[in-house]
$ cat protein.pdb   # PDB, C-alpha atoms
ATOM      1  CA  MET A 293      67.865 110.078 100.925
ATOM      2  CA  LYS A 294      69.872 113.278 100.490
ATOM      3  CA  THR A 295      72.780 111.763 102.477
ATOM      4  CA  LYS A 296      72.784 108.632 100.291
ATOM      5  CA  LEU A 297      72.844 110.781  97.159
ATOM      6  CA  LEU A 298      75.834 112.734  98.473
ATOM      7  CA  VAL A 299      77.675 109.481  99.207
ATOM      8  CA  VAL A 300      77.016 108.194  95.695
ATOM      9  CA  LEU A 301      78.179 111.479  94.161
ATOM     10  CA  PHE A 302      81.337 111.442  96.304
ATOM     11  CA  MET A 303      82.106 107.848  95.296
ATOM     12  CA  GLY A 304      81.547 108.750  91.658
ATOM     13  CA  LEU A 305      83.919 111.685  91.922
ATOM     14  CA  SER A 306      86.527 109.466  93.585
ATOM     15  CA  LEU A 307      86.263 106.992  90.735
ATOM     16  CA  ILE A 308      86.756 109.771  88.198
ATOM     17  CA  ILE A 309      89.844 111.010  90.019
ATOM     18  CA  ASN A 310      91.359 107.744  91.202
ATOM     19  CA  GLY A 311      89.483 105.056  89.318
ATOM     20  CA  GLN A 312      92.167 104.116  86.819
ATOM     21  CA  ASN A 313      92.146 100.340  87.155
ATOM     22  CA  GLY A 314      94.823  99.631  84.592
ATOM     23  CA  LEU A 315      97.490 101.011  82.344
ATOM     24  CA  PRO A 316      97.883 102.951  80.128
ATOM     25  CA  ILE A 317      96.050 105.725  81.985
ATOM     26  CA  GLN A 318      93.112 107.075  80.012
ATOM     27  CA  VAL A 319      92.654 110.851  80.250
ATOM     28  CA  ASP A 320      91.974 113.639  77.811
ATOM     29  CA  ASN A 321      95.122 114.627  75.921
ATOM     30  CA  SER A 322      94.837 118.149  77.319
ATOM     31  CA  LYS A 323      95.652 116.706  80.755
ATOM     32  CA  ILE A 324      99.019 115.316  79.599
ATOM     33  CA  MET A 325     101.430 118.156  80.176
ATOM     34  CA  PRO A 326     105.221 118.429  79.759
ATOM     35  CA  LEU A 327     106.663 116.879  82.916
ATOM     36  CA  SER A 328     108.804 119.971  83.533
ATOM     37  CA  SER A 329     105.602 122.003  83.930
ATOM     38  CA  LEU A 330     104.343 119.626  86.629
ATOM     39  CA  LYS A 331     107.126 120.312  89.116
ATOM     40  CA  ASN A 332     105.582 120.747  92.532
ATOM     41  CA  SER A 333     107.336 122.834  95.183
ATOM     42  CA  TYR A 334     105.645 121.061  98.082
ATOM     43  CA  LEU A 335     106.677 117.634  96.803
ATOM     44  CA  GLN A 336     110.142 119.006  96.015
ATOM     45  CA  ASN A 337     110.573 120.162  99.615
ATOM     46  CA  ASN A 338     109.372 116.806 100.929
ATOM     47  CA  LEU A 339     111.795 114.947  98.662
ATOM     48  CA  GLU A 340     114.772 117.066  99.662
ATOM     49  CA  ARG A 341     113.882 116.769 103.342
ATOM     50  CA  GLN A 342     113.721 112.987 103.174
ATOM     51  CA  LEU A 343     116.968 112.652 101.233
ATOM     52  CA  ASN A 344     118.964 115.188 103.224
ATOM     53  CA  ALA A 345     117.996 113.489 106.480
ATOM     54  CA  ASN A 346     120.595 110.871 105.575
ATOM     55  CA  PRO A 347     124.089 112.469 105.845
ATOM     56  CA  ASN A 348     125.621 110.044 103.342
ATOM     57  CA  TRP A 349     122.901 110.693 100.764
ATOM     58  CA  LYS A 350     123.205 114.445 101.310
ATOM     59  CA  LYS A 351     126.948 114.204 100.617
ATOM     60  CA  LEU A 352     126.440 112.121  97.466
ATOM     61  CA  ILE A 353     123.847 114.596  96.182
ATOM     62  CA  ALA A 354     126.195 117.522  96.788
ATOM     63  CA  GLU A 355     128.924 115.681  94.841
ATOM     64  CA  ASN A 356     126.559 114.941  91.902
ATOM     65  CA  LYS A 357     126.842 111.224  92.652
ATOM     66  CA  MET A 358     123.165 110.707  93.445
ATOM     67  CA  SER A 359     120.109 111.724  91.428
ATOM     68  CA  VAL A 360     116.504 110.943  92.344
ATOM     69  CA  GLY A 361     113.191 111.711  90.664
ATOM     70  CA  ILE A 362     109.573 110.957  91.592
ATOM     71  CA  VAL A 363     106.305 111.359  89.694
ATOM     72  CA  ASP A 364     103.112 111.211  91.758
ATOM     73  CA  LEU A 365     100.348 109.508  89.738
ATOM     74  CA  SER A 366      97.827 109.198  92.595
ATOM     75  CA  ASN A 367      95.595 111.683  90.771
ATOM     76  CA  PRO A 368      96.111 111.086  87.014
ATOM     77  CA  GLU A 369      94.724 114.529  86.181
ATOM     78  CA  GLN A 370      96.922 116.390  88.673
ATOM     79  CA  VAL A 371     100.368 114.829  88.359
ATOM     80  CA  ARG A 372     103.178 116.125  90.592
ATOM     81  CA  TYR A 373     106.911 115.895  89.862
ATOM     82  CA  ALA A 374     110.085 116.508  91.858
ATOM     83  CA  SER A 375     113.748 115.665  91.334
ATOM     84  CA  VAL A 376     117.239 116.177  92.736
ATOM     85  CA  ASN A 377     120.103 116.494  90.234
ATOM     86  CA  GLY A 378     117.484 115.767  87.593
ATOM     87  CA  GLU A 379     119.505 117.021  84.614
ATOM     88  CA  TYR A 380     122.824 115.510  85.729
ATOM     89  CA  MET A 381     123.751 112.753  83.278
ATOM     90  CA  MET A 382     125.498 109.650  84.590
ATOM     91  CA  TYR A 383     126.660 106.299  83.301
ATOM     92  CA  ALA A 384     123.601 104.086  83.768
ATOM     93  CA  ALA A 385     124.760 100.598  82.663
ATOM     94  CA  SER A 386     121.707  98.524  81.653
ATOM     95  CA  LEU A 387     118.967 101.020  82.496
ATOM     96  CA  PRO A 388     119.185 102.660  79.019
ATOM     97  CA  LYS A 389     118.058  99.375  77.485
ATOM     98  CA  ILE A 390     114.632 101.017  77.685
ATOM     99  CA  ALA A 391     115.890 103.245  74.842
ATOM    100  CA  ILE A 392     116.481 100.114  72.750
ATOM    101  CA  LEU A 393     112.974  98.893  73.590
ATOM    102  CA  LEU A 394     111.328 102.132  72.438
ATOM    103  CA  SER A 395     113.476 102.254  69.303
ATOM    104  CA  ALA A 396     112.476  98.682  68.467
ATOM    105  CA  MET A 397     108.769  99.451  68.928
ATOM    106  CA  ASP A 398     109.135 102.535  66.758
ATOM    107  CA  ALA A 399     110.883 100.469  64.065
ATOM    108  CA  ILE A 400     108.235  97.725  64.224
ATOM    109  CA  GLU A 401     105.416 100.262  63.934
ATOM    110  CA  LYS A 402     107.089 101.853  60.885
ATOM    111  CA  GLY A 403     107.786  98.513  59.213
ATOM    112  CA  GLU A 404     111.552  98.873  59.612
ATOM    113  CA  LEU A 405     111.831  95.803  61.856
ATOM    114  CA  LYS A 406     109.836  92.608  61.579
ATOM    115  CA  GLU A 407     108.092  91.559  64.790
ATOM    116  CA  THR A 408     109.281  87.955  64.804
ATOM    117  CA  THR A 409     109.141  85.526  67.724
ATOM    118  CA  GLU A 410     112.906  85.940  68.115
ATOM    119  CA  VAL A 411     112.601  89.740  68.310
ATOM    120  CA  LYS A 412     109.780  89.560  70.876
ATOM    121  CA  ASN A 413     111.724  87.057  72.988
ATOM    122  CA  ASP A 414     114.864  89.205  72.865
ATOM    123  CA  MET A 415     112.957  92.317  73.941
ATOM    124  CA  ARG A 416     111.595  90.480  76.969
ATOM    125  CA  LEU A 417     114.992  88.979  77.872
ATOM    126  CA  MET A 418     116.654  92.376  77.434
ATOM    127  CA  ILE A 419     114.316  94.062  79.925
ATOM    128  CA  SER A 420     113.173  91.452  82.417
ATOM    129  CA  LYS A 421     116.463  89.562  82.820
ATOM    130  CA  SER A 422     118.713  92.376  81.504
ATOM    131  CA  ASN A 423     120.280  89.796  79.199
ATOM    132  CA  ASN A 424     123.280  91.374  77.475
ATOM    133  CA  ALA A 425     123.344  88.963  74.520
ATOM    134  CA  ALA A 426     119.682  89.706  73.717
ATOM    135  CA  SER A 427     120.338  93.452  74.110
ATOM    136  CA  THR A 428     123.275  93.294  71.721
ATOM    137  CA  ARG A 429     121.200  91.404  69.159
ATOM    138  CA  MET A 430     118.556  94.151  69.361
ATOM    139  CA  ILE A 431     121.209  96.870  68.950
ATOM    140  CA  ASP A 432     122.608  95.087  65.889
ATOM    141  CA  ARG A 433     119.130  94.768  64.362
ATOM    142  CA  LEU A 434     118.390  98.478  64.872
ATOM    143  CA  GLY A 435     121.761 100.195  64.524
ATOM    144  CA  TYR A 436     123.025 103.149  66.571
ATOM    145  CA  GLU A 437     121.666 105.684  64.090
ATOM    146  CA  LYS A 438     118.117 104.428  64.614
ATOM    147  CA  ILE A 439     118.400 104.496  68.402
ATOM    148  CA  GLU A 440     119.849 108.006  68.341
ATOM    149  CA  SER A 441     117.147 109.238  65.962
ATOM    150  CA  VAL A 442     114.384 108.019  68.294
ATOM    151  CA  MET A 443     116.019 109.451  71.430
ATOM    152  CA  THR A 444     116.433 112.847  69.726
ATOM    153  CA  ASP A 445     113.076 112.775  67.903
ATOM    154  CA  PRO A 446     111.233 116.053  68.649
ATOM    155  CA  LYS A 447     108.248 113.902  69.629
ATOM    156  CA  TYR A 448     110.228 112.636  72.638
ATOM    157  CA  MET A 449     113.555 114.471  73.096
ATOM    158  CA  PHE A 450     114.780 111.856  75.569
ATOM    159  CA  TYR A 451     118.277 113.057  74.735
ATOM    160  CA  ASP A 452     118.527 116.826  74.698
ATOM    161  CA  GLU A 453     121.931 118.553  74.769
ATOM    162  CA  ASP A 454     120.290 121.736  76.088
ATOM    163  CA  CYS A 455     118.899 119.854  79.110
ATOM    164  CA  GLY A 456     121.956 117.912  80.244
ATOM    165  CA  GLY A 457     121.680 115.032  77.782
ATOM    166  CA  GLY A 458     119.534 112.045  78.735
ATOM    167  CA  LEU A 459     118.921 108.510  77.484
ATOM    168  CA  TRP A 460     121.611 107.114  75.206
ATOM    169  CA  VAL A 461     122.864 103.740  73.965
ATOM    170  CA  GLY A 462     126.074 103.925  71.949
ATOM    171  CA  LYS A 463     127.792 100.629  72.645
ATOM    172  CA  ARG A 464     126.903  96.966  72.404
ATOM    173  CA  TYR A 465     126.475  95.125  75.711
ATOM    174  CA  GLY A 466     129.501  92.969  75.020
ATOM    175  CA  SER A 467     132.979  93.219  73.582
ATOM    176  CA  GLY A 468     133.759  94.365  70.060
ATOM    177  CA  GLY A 469     131.953  96.478  67.516
ATOM    178  CA  ASP A 470     131.829 100.170  66.762
ATOM    179  CA  THR A 471     130.639 102.755  69.261
ATOM    180  CA  ASN A 472     128.506 105.900  69.072
ATOM    181  CA  ARG A 473     129.086 107.777  72.325
ATOM    182  CA  GLU A 474     126.874 110.705  73.265
ATOM    183  CA  PRO A 475     128.330 114.155  72.542
ATOM    184  CA  LEU A 476     128.341 115.829  75.978
ATOM    185  CA  LYS A 477     130.303 113.422  78.203
ATOM    186  CA  HIS A 478     131.118 110.704  75.664
ATOM    187  CA  LEU A 479     129.246 108.085  77.691
ATOM    188  CA  SER A 480     128.263 104.811  76.046
ATOM    189  CA  HIS A 481     125.156 104.065  78.168
ATOM    190  CA  ALA A 482     123.729 107.197  79.748
ATOM    191  CA  ALA A 483     120.668 108.586  81.487
ATOM    192  CA  THR A 484     119.348 111.518  83.471
ATOM    193  CA  VAL A 485     116.618 111.182  86.080
ATOM    194  CA  ASP A 486     114.474 113.816  84.362
ATOM    195  CA  GLN A 487     114.456 112.007  81.020
ATOM    196  CA  VAL A 488     113.848 108.559  82.503
ATOM    197  CA  CYS A 489     110.942 109.936  84.528
ATOM    198  CA  ARG A 490     109.556 111.481  81.328
ATOM    199  CA  TYR A 491     109.889 108.103  79.582
ATOM    200  CA  TYR A 492     107.806 106.327  82.241
ATOM    201  CA  TYR A 493     105.342 109.208  82.430
ATOM    202  CA  LEU A 494     104.608 109.041  78.693
ATOM    203  CA  LEU A 495     104.530 105.243  78.851
ATOM    204  CA  ALA A 496     101.981 105.325  81.685
ATOM    205  CA  TYR A 497      99.698 107.477  79.520
ATOM    206  CA  GLY A 498     100.154 105.332  76.399
ATOM    207  CA  LYS A 499     102.145 107.951  74.491
ATOM    208  CA  LEU A 500     105.268 105.974  73.547
ATOM    209  CA  VAL A 501     104.719 105.279  69.827
ATOM    210  CA  ASN A 502     100.988 104.796  70.431
ATOM    211  CA  ASN A 503      98.599 103.217  72.920
ATOM    212  CA  LYS A 504      98.979  99.719  71.449
ATOM    213  CA  ARG A 505     102.792  99.766  71.507
ATOM    214  CA  SER A 506     102.801 101.317  74.987
ATOM    215  CA  LYS A 507     100.709  98.379  76.206
ATOM    216  CA  GLN A 508     103.225  95.982  74.674
ATOM    217  CA  MET A 509     106.078  97.807  76.371
ATOM    218  CA  LEU A 510     104.292  97.707  79.717
ATOM    219  CA  ALA A 511     103.791  93.952  79.308
ATOM    220  CA  ILE A 512     107.504  93.509  78.578
ATOM    221  CA  MET A 513     108.559  95.684  81.535
ATOM    222  CA  GLY A 514     106.068  94.171  83.985
ATOM    223  CA  ASN A 515     106.666  91.295  86.409
ATOM    224  CA  PRO A 516     110.452  91.792  86.553
ATOM    225  CA  ASP A 517     112.564  88.653  86.928
ATOM    226  CA  LEU A 518     115.303  90.436  88.896
ATOM    227  CA  HIS A 519     114.224  90.975  92.507
ATOM    228  CA  HIS A 520     116.777  93.469  93.771
ATOM    229  CA  LYS A 521     116.946  97.244  94.401
ATOM    230  CA  PHE A 522     113.490  98.897  94.308
ATOM    231  CA  VAL A 523     111.752  95.585  93.608
ATOM    232  CA  ASN A 524     113.266  93.971  96.720
ATOM    233  CA  SER A 525     111.727  96.639  98.968
ATOM    234  CA  LEU A 526     108.404  96.964  97.154
ATOM    235  CA  GLU A 527     107.705  93.236  97.147
ATOM    236  CA  LYS A 528     107.839  93.409 100.958
ATOM    237  CA  ILE A 529     105.689  96.477 101.558
ATOM    238  CA  ALA A 530     103.338  96.212  98.556
ATOM    239  CA  PRO A 531     103.288  92.599  97.326
ATOM    240  CA  GLN A 532     100.081  93.131  95.320
ATOM    241  CA  ALA A 533     101.320  96.184  93.422
ATOM    242  CA  GLN A 534     102.133  95.920  89.724
ATOM    243  CA  LEU A 535     105.776  96.788  89.022
ATOM    244  CA  PHE A 536     107.245  97.874  85.690
ATOM    245  CA  ARG A 537     110.990  98.432  85.809
ATOM    246  CA  LYS A 538     114.506  98.476  84.402
ATOM    247  CA  SER A 539     117.696  98.681  86.427
ATOM    248  CA  GLY A 540     121.434  98.680  85.796
ATOM    249  CA  SER A 541     124.755  98.134  87.600
ATOM    250  CA  TRP A 542     128.404  98.329  86.636
ATOM    251  CA  GLN A 543     131.248  98.819  89.089
ATOM    252  CA  THR A 544     130.196 101.727  91.359
ATOM    253  CA  TYR A 545     127.324 102.808  89.089
ATOM    254  CA  HIS A 546     123.900 101.633  90.208
ATOM    255  CA  SER A 547     120.569 102.698  88.736
ATOM    256  CA  ASP A 548     116.936 101.728  88.934
ATOM    257  CA  SER A 549     113.674 102.961  87.455
ATOM    258  CA  ILE A 550     110.200 101.763  88.277
ATOM    259  CA  LEU A 551     106.528 102.473  87.696
ATOM    260  CA  VAL A 552     104.530 101.349  90.732
ATOM    261  CA  TRP A 553     100.806 100.740  90.217
ATOM    262  CA  GLY A 554      99.220  99.743  93.520
ATOM    263  CA  ASN A 555      95.659  98.742  94.315
ATOM    264  CA  ASP A 556      95.551 101.851  96.497
ATOM    265  CA  PRO A 557      95.677 104.930  94.208
ATOM    266  CA  ASN A 558      97.985 106.581  96.746
ATOM    267  CA  ARG A 559     100.655 104.035  95.826
ATOM    268  CA  ARG A 560     100.905 104.905  92.169
ATOM    269  CA  TYR A 561     104.124 106.616  91.222
ATOM    270  CA  ILE A 562     107.322 106.603  89.181
ATOM    271  CA  LEU A 563     110.679 106.453  90.966
ATOM    272  CA  VAL A 564     114.113 106.775  89.357
ATOM    273  CA  ALA A 565     117.553 106.803  90.983
ATOM    274  CA  LEU A 566     121.084 107.041  89.575
ATOM    275  CA  ILE A 567     123.943 106.520  92.041
ATOM    276  CA  ASP A 568     127.719 106.431  91.762
ATOM    277  CA  ASP A 569     128.735 104.665  94.971
ATOM    278  CA  ALA A 570     129.945 101.188  95.897
ATOM    279  CA  ASN A 571     126.942 100.838  98.218
ATOM    280  CA  GLY A 572     124.509 101.989  95.541
ATOM    281  CA  GLU A 573     122.411  98.825  95.417
ATOM    282  CA  GLN A 574     121.616  99.043  99.136
ATOM    283  CA  ILE A 575     120.985 102.780  98.908
ATOM    284  CA  ILE A 576     118.416 102.177  96.174
ATOM    285  CA  ARG A 577     116.658  99.565  98.331
ATOM    286  CA  SER A 578     116.604 102.016 101.228
ATOM    287  CA  LEU A 579     115.085 104.818  99.133
ATOM    288  CA  VAL A 580     111.593 103.349  98.816
ATOM    289  CA  ASN A 581     110.267 104.107 102.302
ATOM    290  CA  PRO A 582     111.522 107.731 102.420
ATOM    291  CA  ILE A 583     110.090 108.342  98.957
ATOM    292  CA  GLU A 584     106.708 106.945  99.979
ATOM    293  CA  ASN A 585     106.821 109.175 103.062
ATOM    294  CA  ALA A 586     107.425 112.187 100.825
ATOM    295  CA  LEU A 587     104.477 111.220  98.644
ATOM    296  CA  LYS A 588     102.093 110.651 101.565
ATOM    297  CA  LYS A 589     102.398 114.197 102.844
ATOM    298  CA  LYS A 590      99.814 116.043 100.780
ATOM    299  CA  GLU A 591      99.777 119.782 100.385
ATOM    300  CA  ARG A 592      96.979 121.376 102.332
ATOM    301  CA  THR A 593      94.750 123.822 100.492
ATOM    302  CA  LYS A 594      94.893 127.180 102.181
ATOM    303  CA  ILE A 595      91.503 128.750 102.813
ATOM    304  CA  ALA A 596      91.573 132.515 103.013
ATOM    305  CA  SER A 597      89.811 133.922 106.072
ATOM    306  CA  ASN A 598      87.131 136.565 105.575
TER
END
$ encode --input "protein.pdb" --output "structure tokens"
Amino acid sequence: MKTKLLVVLFMGLSLIINGQNGLPIQVDNSKIMPLSSLKNSYLQNNLERQLNANPNWKKLIAENKMSVGIVDLSNPEQVRYASVNGEYMMYAASLPKIAILLSAMDAIEKGELKETTEVKNDMRLMISKSNNAASTRMIDRLGYEKIESVMTDPKYMFYDEDCGGGLWVGKRYGSGGDTNREPLKHLSHAATVDQVCRYYYLLAYGKLVNNKRSKQMLAIMGNPDLHHKFVNSLEKIAPQAQLFRKSGSWQTYHSDSILVWGNDPNRRYILVALIDDANGEQIIRSLVNPIENALKKKERTKIASN
């Protein structure tokens, strides 16, 4: 009887720790910490070891042409974070369309933008198919000033000049029109790994605008229609996992960002990569297995001897 009780208690504890069956993750607000405070040295060492094992990746990292960030969500109350070149801002092509999505949700919530069928369709096309015409229509509806104000809102600070910049959209995804380039490097579509990881982290906990709008954003970003980069690899090794993502490519610039929510709590994480290399798409595909290896190696608790 005592053994059965212990089993039940253990199962109950496991459900408390790992029993999040859906998104957004529901925890007490006190458990949601600034991502910078959740940096984990053990995970950081694992990440660097996995990346540096590839001589080409090591070279790209040293040249600031490769940035990678991971957020371990296997235990929602003890999140771990690690990144390489996390504050290095790069041109990110279509990935920053997630900034347009958040700005649109903010505008809808505040009554600045009407949530019409056309707007909802364009938001889905913009993210799932990375449709440039739909993205440009959303930019025109919002305006650069609105997008900038949301990215620099103290609530989010997804673009912070003191932390290397971050998420920015300052040009339509098409020819013509005015521009509003970011102030540090004058990029039109920019991102840093740290800020994109923060975006997904807050989204996973329902903190982008509010829980309702975060759910809408997750629905828009889920079931991606483009099956390349991270998605290509994950659909092979974890076909049942839920994937929420946005990627981008232009010339040698390749980027991808994804929230992976597997049936197994140990496959729940955020992964972001920005790469400036002609072979960037293949590199991003090849990153998934090393990253999962880094996540699998858990830090052992040291027990002091008496």
$ atom_distance --input "protein.pdb" --atom1 "atom CA of Asp470 of chain A" --atom2 "atom CA of Tyr383 of chain A"
18.4 Å
$ atom_distance --input "protein.pdb" --atom1 "atom CA of Gly554 of chain A" --atom2 "atom CA of Gln574 of chain A"
23.1 Å
$ resolve_selection --input "protein.pdb" --expression "the PyMOL selection byres ((chain A and resi 541) around 10)" --output "mmCIF file with C-alpha atoms, in the frame of the given file"
data_model
loop_
_atom_site.group_PDB
_atom_site.id
_atom_site.type_symbol
_atom_site.label_atom_id
_atom_site.label_comp_id
_atom_site.auth_asym_id
_atom_site.auth_seq_id
_atom_site.Cartn_x
_atom_site.Cartn_y
_atom_site.Cartn_z
ATOM 1 C CA TYR A 383 126.660 106.299 83.301
ATOM 2 C CA ALA A 384 123.601 104.086 83.768
ATOM 3 C CA ALA A 385 124.760 100.598 82.663
ATOM 4 C CA SER A 386 121.707 98.524 81.653
ATOM 5 C CA LEU A 387 118.967 101.020 82.496
ATOM 6 C CA SER A 539 117.696 98.681 86.427
ATOM 7 C CA GLY A 540 121.434 98.680 85.796
ATOM 8 C CA TRP A 542 128.404 98.329 86.636
ATOM 9 C CA GLN A 543 131.248 98.819 89.089
ATOM 10 C CA THR A 544 130.196 101.727 91.359
ATOM 11 C CA TYR A 545 127.324 102.808 89.089
ATOM 12 C CA HIS A 546 123.900 101.633 90.208
ATOM 13 C CA SER A 547 120.569 102.698 88.736
ATOM 14 C CA ASP A 548 116.936 101.728 88.934
ATOM 15 C CA LEU A 566 121.084 107.041 89.575
ATOM 16 C CA ILE A 567 123.943 106.520 92.041
ATOM 17 C CA ASP A 568 127.719 106.431 91.762
ATOM 18 C CA GLY A 572 124.509 101.989 95.541
ATOM 19 C CA GLU A 573 122.411 98.825 95.417
#
$ closest_residue --input "protein.pdb" --among "A:Cys489, A:Ile392, A:Ile583, A:Ala483" --to "Ser441 of chain A" --atoms "all atoms listed in the file"
A:Ile392
$ resolve_selection --input "protein.pdb" --expression "the PyMOL selection byres ((chain A and resi 560) around 9)" --output "list in words"
Val363, Asp364, Leu365, Ser366, Asn367, Ala533, Leu551, Val552, Trp553, Gly554, Asn555, Asp556, Pro557, Asn558, Arg559, Tyr561 and Ile562 of chain A
$ write_last_selection --input "protein.pdb" --atoms "C-alpha atoms" --output "compact mmCIF listing (two decimals), keeping the file's coordinate frame"
# COMPACT_ATOMS: atom_id res chain seq x y z
CA VAL A 363 106.30 111.36 89.69
CA ASP A 364 103.11 111.21 91.76
CA LEU A 365 100.35 109.51 89.74
CA SER A 366 97.83 109.20 92.60
CA ASN A 367 95.60 111.68 90.77
CA ALA A 533 101.32 96.18 93.42
CA LEU A 551 106.53 102.47 87.70
CA VAL A 552 104.53 101.35 90.73
CA TRP A 553 100.81 100.74 90.22
CA GLY A 554 99.22 99.74 93.52
CA ASN A 555 95.66 98.74 94.32
CA ASP A 556 95.55 101.85 96.50
CA PRO A 557 95.68 104.93 94.21
CA ASN A 558 97.98 106.58 96.75
CA ARG A 559 100.66 104.04 95.83
CA TYR A 561 104.12 106.62 91.22
CA ILE A 562 107.32 106.60 89.18
$ resolve_selection --input "protein.pdb" --expression "the PyMOL selection byres ((chain A and resi 538) around 10)" --output "PDB file with C-alpha atoms, in the frame of the given file"
ATOM      1  CA  SER A 386     121.707  98.524  81.653  1.00  0.00           C
ATOM      2  CA  LEU A 387     118.967 101.020  82.496  1.00  0.00           C
ATOM      3  CA  PRO A 388     119.185 102.660  79.019  1.00  0.00           C
ATOM      4  CA  LYS A 389     118.058  99.375  77.485  1.00  0.00           C
ATOM      5  CA  ILE A 390     114.632 101.017  77.685  1.00  0.00           C
ATOM      6  CA  MET A 418     116.654  92.376  77.434  1.00  0.00           C
ATOM      7  CA  ILE A 419     114.316  94.062  79.925  1.00  0.00           C
ATOM      8  CA  SER A 420     113.173  91.452  82.417  1.00  0.00           C
ATOM      9  CA  LYS A 421     116.463  89.562  82.820  1.00  0.00           C
ATOM     10  CA  SER A 422     118.713  92.376  81.504  1.00  0.00           C
ATOM     11  CA  MET A 513     108.559  95.684  81.535  1.00  0.00           C
ATOM     12  CA  GLY A 514     106.068  94.171  83.985  1.00  0.00           C
ATOM     13  CA  PRO A 516     110.452  91.792  86.553  1.00  0.00           C
ATOM     14  CA  LEU A 518     115.303  90.436  88.896  1.00  0.00           C
ATOM     15  CA  PHE A 522     113.490  98.897  94.308  1.00  0.00           C
ATOM     16  CA  PHE A 536     107.245  97.874  85.690  1.00  0.00           C
ATOM     17  CA  ARG A 537     110.990  98.432  85.809  1.00  0.00           C
ATOM     18  CA  SER A 539     117.696  98.681  86.427  1.00  0.00           C
ATOM     19  CA  GLY A 540     121.434  98.680  85.796  1.00  0.00           C
ATOM     20  CA  SER A 547     120.569 102.698  88.736  1.00  0.00           C
ATOM     21  CA  ASP A 548     116.936 101.728  88.934  1.00  0.00           C
ATOM     22  CA  SER A 549     113.674 102.961  87.455  1.00  0.00           C
ATOM     23  CA  ILE A 550     110.200 101.763  88.277  1.00  0.00           C
ATOM     24  CA  LEU A 551     106.528 102.473  87.696  1.00  0.00           C
ATOM     25  CA  VAL A 564     114.113 106.775  89.357  1.00  0.00           C
TER      26      VAL A 564
END
$ residues_around --input "protein.pdb" --residues "Ala496 of chain A" --least-positions-apart "4" --cutoff "6 Å" --atoms "only C-alpha atoms" --output "PyMOL selection string"
chain A and resi 316-317+492
$ closest_residue --input "protein.pdb" --among "A:Ile512, A:Ile576, A:Ser525, A:Asn502" --to "Lys412 of chain A" --atoms "only C-alpha atoms"
A:Ile512
$ residues_around --input "protein.pdb" --residues "segment 394-400 of chain A" --least-positions-apart "3" --cutoff "10 Å" --atoms "all atoms listed in the file" --output "MDAnalysis selection string"
chainID A and resid 389:391 403:408 411:412 415 430:431 433:436 438:443 491 495 500:502 505:506 508:509
$ atom_distance --input "protein.pdb" --atom1 "atom CA of Gln532 of chain A" --atom2 "atom CA of Leu327 of chain A"
27.6 Å
$ closest_residue --input "protein.pdb" --among "A:Glu527, A:Asp432, A:Asp569, A:Asp454" --to "Met382 of chain A" --atoms "only C-alpha atoms"
A:Asp569
$ closest_residue --input "protein.pdb" --among "A:Val360, A:Asn571, A:Leu563, A:Cys455" --to "Tyr493 of chain A" --atoms "only C-alpha atoms"
A:Leu563
